[in-house]
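Trainee: Shown below is the structure under consideration.
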Amino acid sequence: MSDLAPHTGGGAAAPTDGDNRYKAVQDKLNTLGKAMDMAKSELETLLRGMQMNAQRSEGLAVDIANAELDRKFIEMTNQVSVALGGAAVEVKKLHETAQEVSGLAHNARRTHARLYEGLDTVRSGRKERTPKPGFFAH
């Protein structure tokens, strides 16, 4: 049996509201990056467990065959092994995708900071209100 249990906390998603202020975007990108980092490690654990269970199932099929049990039990156990192996391949793809998204989120956060941190410092440091975007376009 597997001791994996559904994960219910820790990786709460960032709100997808219309708040596009500098700090809000930084927080959203940070939350996304952390959630993907957490998903990477959980998927890695799941992958190892699936691979281990597939190997156990394969060994069990051999043991069943050596015990000369009914052929249908050998076939069912082999099918479980093959299914777990196939699922493990898909979990590996999902892990690689989570890894890629994590890297992209962290890169986007750094790029956003490089481009807009100075502007945010100036805007948040003055007393006067800043006009809405597009004000000067008219």
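In the structure tokens, chains take letters A, B, ... by order of appearance, with residues numbered from 1 within each chain and ligands from 1 in the order shown.
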Find the spatial neighbours of Ala83 (chain A), counting only C-alpha atoms, within a cut-off of 12 Å - ignore same-chain residues fewer than 4 positions away - and output them as a list in words.
Mentor: Met50, Gln51, Asn53, Ala54, Gln55, Ser57, Glu58, Met76, Thr77, Asn78, Gln79, Ala87, Ala88, Val89 and Glu90 of chain A
Trainee: If we count only C-alpha atoms, what is near Arg56 (chain A) at a cut-off of 12 Å, once residues fewer than 5 positions away on the same chain are taken out, given as a list in words?
Mentor: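 Listed by chain and then number, they are Met1, Ser2, Gly49, Met50, Gln51, Ala61, Val62, Asp63, Thr77, Asn78, Val80, Ser81, Val82, Leu84 and Gly85 of chain A.
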Trainee: Would you put the residues from that selection into a file with all heavy atoms, as a CSV table (one decimal), in the first residue's frame?
Mentor:
```csv
chain,number,residue,atom,x,y,z
A,1,MET,N,0.8,-1.2,0.0
A,1,MET,CA,0.0,0.0,0.0
A,1,MET,C,0.9,1.3,0.0
A,1,MET,O,1.9,1.3,0.6
A,1,MET,CB,-0.9,0.0,1.2
A,1,MET,CG,-2.1,-0.9,1.2
A,1,MET,SD,-3.3,-0.1,0.2
A,1,MET,CE,-4.3,-1.5,-0.1
A,2,SER,N,0.4,2.3,-0.6
A,2,SER,CA,1.1,3.5,-0.6
A,2,SER,C,0.7,4.4,0.6
A,2,SER,O,-0.5,4.4,1.1
A,2,SER,CB,0.7,4.3,-1.9
A,2,SER,OG,1.3,5.6,-1.9
A,49,GLY,N,7.5,6.6,-5.8
A,49,GLY,CA,6.6,5.6,-5.2
A,49,GLY,C,5.9,4.8,-6.3
A,49,GLY,O,5.8,3.5,-6.2
A,50,MET,N,5.6,5.4,-7.4
A,50,MET,CA,5.0,4.6,-8.5
A,50,MET,C,5.9,3.6,-9.1
A,50,MET,O,5.6,2.5,-9.4
A,50,MET,CB,4.4,5.6,-9.6
A,50,MET,CG,3.2,6.3,-9.1
A,50,MET,SD,2.6,7.5,-10.4
A,50,MET,CE,1.3,6.4,-11.0
A,51,GLN,N,7.2,4.1,-9.3
A,51,GLN,CA,8.2,3.2,-9.9
A,51,GLN,C,8.5,2.1,-9.0
A,51,GLN,O,8.6,0.9,-9.4
A,51,GLN,CB,9.5,4.0,-10.2
A,51,GLN,CG,9.3,5.0,-11.3
A,51,GLN,CD,10.5,5.9,-11.5
A,51,GLN,OE1,11.2,6.2,-10.5
A,51,GLN,NE2,10.7,6.4,-12.7
A,61,ALA,N,4.3,-10.7,-9.5
A,61,ALA,CA,3.9,-11.6,-10.7
A,61,ALA,C,4.8,-12.8,-10.8
A,61,ALA,O,4.3,-13.9,-11.1
A,61,ALA,CB,3.8,-10.8,-11.9
A,62,VAL,N,6.1,-12.5,-10.7
A,62,VAL,CA,7.1,-13.7,-10.8
A,62,VAL,C,6.8,-14.6,-9.6
A,62,VAL,O,6.8,-15.9,-9.8
A,62,VAL,CB,8.5,-13.1,-10.8
A,62,VAL,CG1,9.5,-14.2,-10.6
A,62,VAL,CG2,8.8,-12.3,-12.0
A,63,ASP,N,6.6,-14.1,-8.4
A,63,ASP,CA,6.4,-15.0,-7.3
A,63,ASP,C,5.1,-15.8,-7.5
A,63,ASP,O,5.0,-17.0,-7.1
A,63,ASP,CB,6.3,-14.2,-6.0
A,63,ASP,CG,7.6,-13.6,-5.6
A,63,ASP,OD1,8.7,-14.0,-6.1
A,63,ASP,OD2,7.6,-12.6,-4.8
A,77,THR,N,-1.6,-9.1,-12.3
A,77,THR,CA,-0.5,-8.5,-11.6
A,77,THR,C,0.4,-7.8,-12.6
A,77,THR,O,0.9,-6.7,-12.3
A,77,THR,CB,0.2,-9.5,-10.7
A,77,THR,OG1,-0.7,-10.2,-9.9
A,77,THR,CG2,1.2,-8.8,-9.8
A,78,ASN,N,0.7,-8.5,-13.7
A,78,ASN,CA,1.5,-7.9,-14.8
A,78,ASN,C,0.9,-6.6,-15.3
A,78,ASN,O,1.5,-5.6,-15.6
A,78,ASN,CB,1.8,-8.9,-15.9
A,78,ASN,CG,3.0,-9.8,-15.6
A,78,ASN,OD1,3.9,-9.4,-14.9
A,78,ASN,ND2,2.9,-11.0,-16.2
A,80,VAL,N,-1.1,-4.6,-13.7
A,80,VAL,CA,-0.9,-3.6,-12.7
A,80,VAL,C,0.4,-3.0,-12.9
A,80,VAL,O,0.6,-1.7,-12.8
A,80,VAL,CB,-1.2,-4.1,-11.3
A,80,VAL,CG1,-0.7,-3.1,-10.2
A,80,VAL,CG2,-2.7,-4.4,-11.1
A,81,SER,N,1.4,-3.8,-13.0
A,81,SER,CA,2.8,-3.3,-13.2
A,81,SER,C,3.0,-2.4,-14.4
A,81,SER,O,3.6,-1.4,-14.3
A,81,SER,CB,3.8,-4.5,-13.3
A,81,SER,OG,5.1,-4.1,-13.5
A,82,VAL,N,2.4,-2.9,-15.5
A,82,VAL,CA,2.5,-2.1,-16.7
A,82,VAL,C,1.7,-0.7,-16.6
A,82,VAL,O,2.2,0.3,-17.0
A,82,VAL,CB,1.9,-2.9,-17.9
A,82,VAL,CG1,1.8,-2.0,-19.2
A,82,VAL,CG2,2.9,-4.1,-18.2
A,84,LEU,N,1.1,0.9,-13.8
A,84,LEU,CA,1.9,1.8,-12.9
A,84,LEU,C,3.1,2.4,-13.6
A,84,LEU,O,3.5,3.6,-13.5
A,84,LEU,CB,2.4,1.1,-11.7
A,84,LEU,CG,1.3,0.9,-10.6
A,84,LEU,CD1,1.8,-0.1,-9.5
A,84,LEU,CD2,0.9,2.2,-10.0
A,85,GLY,N,3.8,1.6,-14.4
A,85,GLY,CA,4.9,2.1,-15.2
A,85,GLY,C,4.5,3.2,-16.2
A,85,GLY,O,5.2,4.2,-16.3
```
Trainee: Would you mind listing what lies within 12 Å of Leu104 (chain A) as a list in words, with only C-alpha atoms counted and same-chain residues fewer than 4 positions away left out?
Mentor: Leu29, Asn30, Leu32, Gly33, Lys34, Met36, Asp37, Thr97, Ala98, Gln99, Glu100, Ala108, Arg109, Arg110, Thr111 and His112 of chain A
Trainee: Return the single residue from A:Tyr116, A:Phe136, A:Pro131, A:Ala67 that is closest to Lys23 (chain A), with distances computed using only C-alpha atoms.
Mentor: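 Looking at the shortest contact to Lys23 (chain A), the residue is A:Tyr116.
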Trainee: What is the distance between CA of Ala105 (chain A) and CA of Lys28 (chain A), in Å to one decimal?
Mentor: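 Going from CA of Ala105 (chain A) over to CA of Lys28 (chain A) covers 9.4 Å.
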Trainee: Quick one: of A:Leu60, A:Leu47, A:Lys132, A:Tyr22, who's nearest to Ile74 (chain A), counting only C-alpha atoms?
Mentor: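 Of all the options, A:Leu60 lies closest to Ile74 (chain A).
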Trainee: In Å, with one decimal, what is the gap from CA of Thr121 (chain A) to CA of Asp27 (chain A)?
Mentor: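 Calculated distance between CA of Thr121 (chain A) and CA of Asp27 (chain A) is 16.0 Å.
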Trainee: Choose the residue, out of A:Arg71, A:His95, A:Arg114, A:Met52, that has the smallest atom-to-atom separation from Met38 (chain A); count only C-alpha atoms.
Mentor: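 Once distances to Met38 (chain A) are computed over only C-alpha atoms, the minimum belongs to A:His95.
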Trainee: Restricting the calculation to only C-alpha atoms: of A:Leu119, A:Leu94, A:Val101, A:Ala113, which residue gets closest to Ala35 (chain A)?
Mentor: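 Under the stated criterion, the closest residue is A:Val101.
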Trainee: Check the smallest atom-to-atom distance from each of A:Leu115, A:Leu43, A:Thr31, A:Ala137 to Thr16 (chain A) using only C-alpha atoms, then report the winner.
Mentor: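 Ranking A:Leu115, A:Leu43, A:Thr31, A:Ala137 by distance to Thr16 (chain A), first place goes to A:Thr31.
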Trainee: What does the structure give for the distance between CA of Val25 (chain A) and CA of Gly118 (chain A), in Å to one decimal?
Mentor: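 Computing the Euclidean distance for CA of Val25 (chain A) and CA of Gly118 (chain A) yields 14.7 Å.
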